[in-house]
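final15.tsv (TSV, C-alpha atoms (C1' of nucleotides)) appears below.
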```tsv
chain	number	residue	atom	x	y	z
R	79	MET	CA	13.22	-9.25	12.32
R	80	LYS	CA	11.10	-9.48	9.21
R	81	ILE	CA	8.75	-6.58	8.47
R	82	ALA	CA	6.41	-6.76	5.47
R	83	THR	CA	4.08	-4.37	3.68
R	84	PHE	CA	1.08	-5.64	1.74
R	85	ASN	CA	-1.78	-3.78	0.04
R	86	ILE	CA	-4.39	-6.51	0.43
R	87	ASN	CA	-7.26	-4.84	-1.51
R	88	GLY	CA	-9.96	-5.70	1.02
R	89	VAL	CA	-9.57	-7.80	4.16
R	90	LYS	CA	-12.88	-9.62	3.58
R	91	ALA	CA	-11.82	-10.66	0.09
R	92	ARG	CA	-8.53	-11.96	1.50
R	93	PHE	CA	-10.01	-14.19	4.26
R	94	GLU	CA	-8.02	-17.18	2.99
R	95	THR	CA	-5.14	-15.53	1.14
R	96	LEU	CA	-3.93	-13.34	4.00
R	97	PRO	CA	-3.69	-15.97	6.79
R	98	ARG	CA	-2.11	-18.43	4.35
R	99	TRP	CA	0.55	-15.86	3.40
R	100	LEU	CA	1.21	-14.99	7.06
R	101	GLU	CA	1.74	-18.66	7.91
R	102	GLU	CA	4.11	-19.16	4.97
R	103	ALA	CA	6.05	-15.88	4.99
R	104	LYS	CA	6.03	-15.57	8.80
R	105	PRO	CA	6.62	-11.82	9.04
R	106	ASP	CA	7.12	-10.54	12.58
R	107	VAL	CA	5.30	-7.37	11.55
R	108	ALA	CA	2.87	-6.84	8.65
R	109	LEU	CA	1.79	-3.36	7.54
R	110	LEU	CA	-1.48	-3.68	5.65
R	111	GLN	CA	-3.16	-1.19	3.31
R	112	GLU	CA	-6.64	-1.02	1.78
R	113	ILE	CA	-8.29	-3.10	4.47
R	114	LYS	CA	-11.59	-1.53	3.27
R	115	SER	CA	-13.17	-2.19	6.66
R	116	ILE	CA	-14.24	-0.27	9.72
R	117	ASP	CA	-12.30	-1.16	12.86
R	118	GLU	CA	-15.32	-2.97	14.39
R	119	ASN	CA	-15.60	-5.37	11.43
R	120	PHE	CA	-11.89	-6.19	11.07
R	121	PRO	CA	-11.52	-9.97	11.68
R	122	ARG	CA	-8.90	-9.47	14.38
R	123	GLU	CA	-9.39	-12.93	15.95
R	124	ILE	CA	-8.03	-14.63	12.82
R	125	PHE	CA	-4.75	-12.80	13.24
R	126	GLU	CA	-4.66	-12.91	17.03
R	127	ASN	CA	-4.95	-16.69	16.75
R	128	LEU	CA	-1.82	-16.62	14.57
R	129	GLY	CA	0.01	-14.77	17.35
R	130	TYR	CA	-0.34	-11.18	16.14
R	131	GLN	CA	-1.26	-8.05	18.01
R	132	VAL	CA	-3.74	-6.16	15.79
R	133	GLU	CA	-3.97	-2.37	15.45
R	134	THR	CA	-6.30	-0.91	12.82
R	135	HIS	CA	-7.17	2.48	11.42
R	136	GLY	CA	-10.12	1.78	9.18
R	137	GLN	CA	-13.07	3.46	7.52
R	138	LYS	CA	-16.14	2.31	5.64
R	139	SER	CA	-15.63	0.88	2.12
R	140	PHE	CA	-12.33	2.51	1.18
R	141	ASN	CA	-8.73	2.89	2.29
R	142	GLY	CA	-7.86	1.71	5.80
R	143	VAL	CA	-4.51	0.58	7.21
R	144	ALA	CA	-3.46	-1.88	9.91
R	145	ILE	CA	-0.44	-3.25	11.73
R	146	LEU	CA	-0.11	-6.90	12.72
R	147	SER	CA	2.80	-7.67	15.04
R	148	LYS	CA	4.11	-10.71	16.89
R	149	ILE	CA	6.28	-8.31	18.90
R	150	PRO	CA	4.46	-5.98	21.33
R	151	LEU	CA	3.49	-2.58	19.91
R	152	GLU	CA	3.53	0.64	21.89
R	153	ASP	CA	2.44	4.25	21.31
R	154	VAL	CA	0.07	3.59	18.39
R	155	LYS	CA	-0.83	6.77	16.48
R	156	ARG	CA	-3.56	6.90	13.82
R	157	GLY	CA	-3.68	9.44	11.01
R	158	LEU	CA	-1.02	11.56	9.31
R	159	PRO	CA	-0.48	14.89	11.10
R	160	GLY	CA	-0.89	18.17	9.29
R	161	ASP	CA	-4.59	18.35	8.30
R	162	ASP	CA	-7.32	17.87	10.90
R	163	THR	CA	-9.98	17.92	8.16
R	164	ASP	CA	-8.53	14.85	6.37
R	165	GLU	CA	-10.95	11.98	7.04
R	166	GLN	CA	-9.26	9.34	4.87
R	167	ALA	CA	-7.70	6.47	6.87
R	168	ARG	CA	-4.29	6.15	5.23
R	169	TYR	CA	-1.67	6.23	7.97
R	170	ILE	CA	-0.77	4.42	11.20
R	171	GLU	CA	2.35	4.43	13.37
R	172	ALA	CA	3.57	2.28	16.24
R	173	THR	CA	6.79	1.31	17.98
R	174	VAL	CA	7.79	-2.34	17.65
R	175	MET	CA	9.35	-3.21	21.01
R	176	ALA	CA	12.10	-5.44	19.63
R	177	GLU	CA	15.55	-5.64	21.21
R	178	THR	CA	16.20	-2.52	19.15
R	179	PRO	CA	12.83	-0.71	19.17
R	180	ILE	CA	11.74	0.38	15.68
R	181	ARG	CA	9.09	2.98	14.91
R	182	VAL	CA	7.05	1.69	11.95
R	183	CYS	CA	4.84	3.93	9.81
R	184	GLY	CA	2.30	2.18	7.58
R	185	LEU	CA	0.96	4.33	4.76
R	186	TYR	CA	-1.43	4.26	1.83
R	187	LEU	CA	-0.51	7.28	-0.26
R	188	PRO	CA	-3.33	8.70	-2.43
R	189	ASN	CA	-3.50	7.55	-6.04
R	190	GLY	CA	-4.01	11.09	-7.35
R	191	ASN	CA	-5.77	10.38	-10.65
R	192	PRO	CA	-7.20	12.04	-12.61
R	193	THR	CA	-4.57	14.65	-13.15
R	194	PRO	CA	-4.63	17.57	-13.00
R	195	GLY	CA	-7.41	18.05	-10.46
R	196	PRO	CA	-8.35	18.03	-6.77
R	197	LYS	CA	-7.33	14.38	-6.31
R	198	TYR	CA	-3.83	15.12	-7.55
R	199	ASP	CA	-3.65	18.23	-5.36
R	200	TYR	CA	-4.61	16.02	-2.39
R	201	LYS	CA	-1.84	13.55	-3.28
R	202	LEU	CA	0.84	16.24	-3.44
R	203	ALA	CA	-0.39	17.86	-0.21
R	204	TRP	CA	-0.36	14.43	1.47
R	205	MET	CA	3.24	13.93	0.34
R	206	GLU	CA	4.18	17.31	1.86
R	207	ARG	CA	2.66	16.17	5.17
R	208	LEU	CA	4.58	12.88	4.93
R	209	ILE	CA	7.82	14.80	4.35
R	210	ALA	CA	7.06	16.93	7.41
R	211	ARG	CA	6.39	13.80	9.49
R	212	ALA	CA	9.67	12.25	8.30
R	213	GLU	CA	11.53	15.41	9.31
R	214	THR	CA	10.01	15.23	12.79
R	215	LEU	CA	10.95	11.57	13.20
R	216	LEU	CA	14.47	12.11	11.81
R	217	ALA	CA	15.05	14.70	14.54
R	218	THR	CA	14.62	11.93	17.15
R	219	GLU	CA	17.62	10.06	15.67
R	220	GLU	CA	15.81	6.81	16.51
R	221	PRO	CA	15.43	3.98	13.96
R	222	PHE	CA	12.20	4.20	11.98
R	223	LEU	CA	10.78	3.12	8.65
R	224	MET	CA	7.95	4.32	6.43
R	225	ALA	CA	6.47	1.54	4.34
R	226	GLY	CA	3.40	0.91	2.26
R	227	ASP	CA	1.68	1.66	-1.01
R	228	TYR	CA	3.29	4.94	-2.12
R	229	ASN	CA	1.46	5.04	-5.45
R	230	VAL	CA	4.67	6.42	-6.97
R	231	ILE	CA	6.79	4.73	-9.65
R	232	PRO	CA	10.21	6.11	-8.67
R	233	GLN	CA	12.00	5.68	-12.01
R	234	ASP	CA	11.46	4.30	-15.51
R	235	GLU	CA	13.12	0.98	-14.62
R	236	ASP	CA	10.26	0.41	-12.16
R	237	ALA	CA	7.66	-0.10	-14.92
R	238	THR	CA	7.30	-2.51	-17.84
R	239	ARG	CA	5.98	0.32	-20.01
R	240	PRO	CA	7.42	3.52	-18.54
R	241	ASP	CA	5.99	5.76	-21.27
R	242	ALA	CA	2.45	4.75	-20.27
R	243	TRP	CA	2.93	6.38	-16.85
R	244	HIS	CA	4.63	9.68	-17.66
R	245	SER	CA	1.36	11.64	-17.60
R	246	ASP	CA	-0.23	9.52	-14.86
R	247	ALA	CA	-0.33	10.56	-11.19
R	248	LEU	CA	1.90	7.57	-10.35
R	249	GLY	CA	4.68	8.56	-12.72
R	250	LEU	CA	4.44	12.32	-13.28
R	251	PRO	CA	7.69	14.24	-12.76
R	252	GLN	CA	6.06	16.13	-9.87
R	253	SER	CA	5.17	12.86	-8.11
R	254	ARG	CA	8.69	11.52	-8.61
R	255	ALA	CA	10.21	14.79	-7.41
R	256	ALA	CA	8.19	14.69	-4.18
R	257	PHE	CA	9.29	11.08	-3.61
R	258	ARG	CA	12.92	12.11	-4.20
R	259	ARG	CA	12.57	14.95	-1.70
R	260	LEU	CA	11.53	12.37	0.87
R	261	LEU	CA	14.59	10.26	0.04
R	262	ASN	CA	16.83	13.32	0.07
R	263	LEU	CA	15.99	13.95	3.72
R	264	GLY	CA	18.34	11.01	4.32
R	265	LEU	CA	16.04	8.01	3.93
R	266	THR	CA	17.16	4.79	2.22
R	267	GLU	CA	14.90	3.04	-0.27
R	268	ALA	CA	15.49	-0.51	0.97
R	269	PHE	CA	14.75	-2.36	-2.26
R	270	ARG	CA	17.15	-0.21	-4.29
R	271	ALA	CA	19.80	-0.58	-1.59
R	272	CYS	CA	19.68	-4.33	-2.27
R	273	THR	CA	18.81	-4.59	-5.99
R	274	SER	CA	19.86	-2.36	-8.88
R	275	ASN	CA	18.44	-3.95	-12.01
R	276	ALA	CA	15.15	-3.26	-13.76
R	277	GLY	CA	12.12	-5.52	-14.02
R	278	HIS	CA	11.00	-5.78	-10.39
R	279	TYR	CA	7.36	-4.90	-9.72
R	280	SER	CA	4.90	-4.95	-6.82
R	281	PHE	CA	1.61	-4.32	-8.68
R	282	TRP	CA	-0.04	-5.87	-11.71
R	283	ASP	CA	-3.50	-4.61	-12.72
R	284	TYR	CA	-6.34	-7.14	-12.70
R	285	GLN	CA	-7.28	-5.88	-16.17
R	286	ALA	CA	-6.03	-6.75	-19.63
R	287	GLY	CA	-4.00	-9.77	-18.52
R	288	SER	CA	-1.33	-7.59	-16.91
R	289	TRP	CA	0.05	-10.42	-14.79
R	290	ASP	CA	0.25	-12.89	-17.68
R	291	ARG	CA	2.02	-10.27	-19.81
R	292	ASN	CA	4.17	-9.16	-16.84
R	293	ASP	CA	2.96	-5.59	-17.30
R	294	GLY	CA	3.81	-4.32	-13.82
R	295	ILE	CA	4.92	-1.34	-11.77
R	296	ARG	CA	6.89	-0.99	-8.51
R	297	ILE	CA	4.92	1.27	-6.17
R	298	ASP	CA	5.19	-0.42	-2.73
R	299	HIS	CA	8.27	0.78	-0.91
R	300	PHE	CA	10.27	0.71	2.31
R	301	LEU	CA	12.02	3.93	3.30
R	302	LEU	CA	14.46	3.56	6.20
R	303	SER	CA	15.90	6.19	8.53
R	304	PRO	CA	19.72	6.21	8.78
R	305	GLN	CA	19.63	4.37	12.12
R	306	CYS	CA	17.25	1.81	10.59
R	307	ALA	CA	19.20	1.47	7.32
R	308	ASP	CA	22.23	0.44	9.42
R	309	LEU	CA	20.21	-2.65	10.41
R	310	LEU	CA	19.17	-3.63	6.85
R	311	LEU	CA	20.04	-7.21	5.86
R	312	ASP	CA	17.72	-7.82	2.90
R	313	CYS	CA	14.68	-6.56	0.99
R	314	GLN	CA	12.59	-8.74	-1.33
R	315	ILE	CA	9.33	-8.74	-3.25
R	316	ASP	CA	7.08	-11.83	-2.91
R	317	LYS	CA	6.21	-11.79	-6.62
R	318	GLU	CA	4.85	-15.36	-6.66
R	319	GLU	CA	1.90	-14.28	-4.50
R	320	ARG	CA	0.38	-12.58	-7.55
R	321	GLY	CA	0.02	-15.93	-9.30
R	322	ARG	CA	-1.76	-17.74	-6.47
R	323	SER	CA	-5.50	-18.09	-5.87
R	324	LYS	CA	-7.55	-15.01	-4.94
R	325	PRO	CA	-4.58	-12.63	-5.16
R	326	SER	CA	-4.54	-8.94	-4.35
R	327	ASP	CA	-3.38	-6.79	-7.27
R	328	HIS	CA	-0.35	-5.91	-5.10
R	329	VAL	CA	2.19	-8.38	-3.68
R	330	PRO	CA	4.03	-8.26	-0.34
R	331	VAL	CA	7.40	-6.53	0.00
R	332	TRP	CA	9.55	-7.20	3.06
R	333	VAL	CA	12.76	-6.23	4.82
R	334	ASP	CA	14.95	-8.27	7.14
R	335	LEU	CA	16.48	-6.12	9.89
R	336	ALA	CA	19.20	-7.01	12.40
R	337	ALA	CA	16.98	-5.95	15.27
U	146	DA	C1'	-10.34	3.00	-25.76
U	147	DT	C1'	-12.13	6.91	-18.86
U	148	DG	C1'	-12.56	-0.03	-21.16
U	149	DC	C1'	-10.61	-4.52	-19.89
U	150	DC	C1'	-11.07	-6.64	-13.66
U	151	DC	C1'	-11.88	-6.66	-8.85
U	152	DC	C1'	-13.79	-4.78	-4.46
U	153	DA	C1'	-17.44	-2.77	-1.19
U	154	DC	C1'	-22.05	-1.76	-0.27
U	155	DT	C1'	-25.60	-2.02	-1.88
U	156	DC	C1'	-30.92	2.26	-4.93
U	157	DT	C1'	-28.06	-5.83	-7.90
U	158	DG	C1'	-25.63	-0.33	-10.32
U	159	DT	C1'	-22.20	2.74	-8.96
U	160	DG	C1'	-17.79	4.62	-7.36
U	161	DG	C1'	-13.07	3.69	-6.66
U	162	DG	C1'	-8.82	1.76	-7.66
U	163	DA	C1'	-3.97	2.23	-10.67
```
Final structure tokens representation of the file:
Amino acid sequence: MKIATFNINGVKARFETLPRWLEEAKPDVALLQEIKSIDENFPREIFENLGYQVETHGQKSFNGVAILSKIPLEDVKRGLPGDDTDEQARYIEATVMAETPIRVCGLYLPNGNPTPGPKYDYKLAWMERLIARAETLLATEEPFLMAGDYNVIPQDEDATRPDAWHSDALGLPQSRAAFRRLLNLGLTEAFRACTSNAGHYSFWDYQAGSWDRNDGIRIDHFLLSPQCADLLLDCQIDKEERGRSKPSDHVPVWVDLAA
DNA sequence: ATGCCCCACTCTGTGGGA
């Protein structure tokens, strides 16, 4: 089973790019971030016609996450627990009813800039809530994964210019420490379980010719529970998507699971 | 160099992204 994550930077702007990628990459499940659409305006028919069940958690203009699945989804939950006042649509969960059912959590972790400030405080608090959610799911001992745009550069080898990010919300020691605490619960970072060398990125800024200069960062991640990591066959980044027409600034990342 | 480019929703400029 192939499960992908893709920050699409606006579903309306990706009217051609997204269906074309789905037809080529053929993921069984796609976790989408930054749909930038309310649920009512999400073009669900396009994806239903490609054989996907569509579950969205959107809001006006910003953020918004969705799950597309060719395998039936059950028990869809919208929003990250832990703060009833949080109105930003950044989290969605569902169980993929494969032969081995997998709980999938799609997330769009806050950027956190500028730092320090309230936006960075919100990021760190959001990460605490994600850690708490992971602890709850780990207690079930069922296979699950948390995937999406983490807005965290885990280590220096995950950036072309690591020094440029050391005082940025994506690369600050505190951001990296919170990401490590999530891993240290017992989660496996799928890409690093499959690939050890530097120079692999999932985001290139639209500005300053970042793609042409290969000035990238790796911020889109798959974290697998122990029972899910046992099923891991492969994890890859679809880098070439960044060079095609009307690209998002992120590219898809996917895992292949024996499920 | 708080800008470069792209997106959404328009008070066709502004706020947000990373």
Checklist entry - Mind listing as a ChimeraX atom specification which residues of chain R are within 12 Å of chain U, counting all atoms listed in the file? => result /R:85-92,112-116,137-141,188-192,227-231,242-243,246-249,281-289,294-297,324-328
Checklist entry - Please, what distance in Å, to one decimal, runs between CA of Ala167 in chain R and CA of Leu223 in chain R? => result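 Interatomic distance here is 18.9 Å.
Nearest residue to Thr178 in chain R, choosing from R:Glu133, R:Glu118, R:Glu319, R:Glu220 and counting only C-alpha atoms: R:Glu220.
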Kindly compute an axis-aligned box around the listed atoms of range 122-130 of chain R, allowing 8 Å on each side, and express its centre and edge lengths in Å to one decimal as lines of an AutoDock Vina configuration file.
```
center_x = -4.7
center_y = -13.1
center_z = 15.1
size_x = 25.4
size_y = 23.2
size_z = 20.5
```
Checklist entry - Nearest to Pro159 in chain R: which of R:Ala144, R:Glu206, R:Arg211, R:Leu309 is it, counting only C-alpha atoms? => result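 When distances to Pro159 in chain R are compared using only C-alpha atoms, the smallest one comes from R:Arg211.
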Item to check | Leu100 in chain R surroundings by all atoms listed in the file, 10 Å radius, close-in-sequence under 4 positions cut, as a list in words | outcome: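 Residues near the query, excluding close chain neighbours: Ala82, Thr95, Leu96, Lys104, Pro105, Asp106, Val107, Ala108, Phe125, Leu128, Tyr130 and Leu146 of chain R.
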Residues just named, written with C-alpha atoms as a short mmCIF file (atom, residue, chain, number, x, y, z; two decimals), keeping the file's coordinate frame:
```cif
data_model
loop_
_atom_site.label_atom_id
_atom_site.label_comp_id
_atom_site.auth_asym_id
_atom_site.auth_seq_id
_atom_site.Cartn_x
_atom_site.Cartn_y
_atom_site.Cartn_z
CA ALA R 82 6.41 -6.76 5.47
CA THR R 95 -5.14 -15.53 1.14
CA LEU R 96 -3.93 -13.34 4.00
CA LYS R 104 6.03 -15.57 8.80
CA PRO R 105 6.62 -11.82 9.04
CA ASP R 106 7.12 -10.54 12.58
CA VAL R 107 5.30 -7.37 11.55
CA ALA R 108 2.87 -6.84 8.65
CA PHE R 125 -4.75 -12.80 13.24
CA LEU R 128 -1.82 -16.62 14.57
CA TYR R 130 -0.34 -11.18 16.14
CA LEU R 146 -0.11 -6.90 12.72
#
```
Checklist entry - Quick one, how far is CA of Ala103 in chain R from CA of Val333 in chain R? => result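 It comes out at 11.8 Å.
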Item to check | Counting all atoms listed in the file, the residue of R:Pro330, R:Pro240, R:Gly142, R:Gly264 that sits nearest Gln314 in chain R | outcome: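 Under the stated criterion, the closest residue is R:Pro330.
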Next on the checklist: For a test of reading the model, state the distance in Å between CA of Pro232 in chain R and CA of Cys272 in chain R, rounded to one decimal.
Outcome noted: 15.5 Å
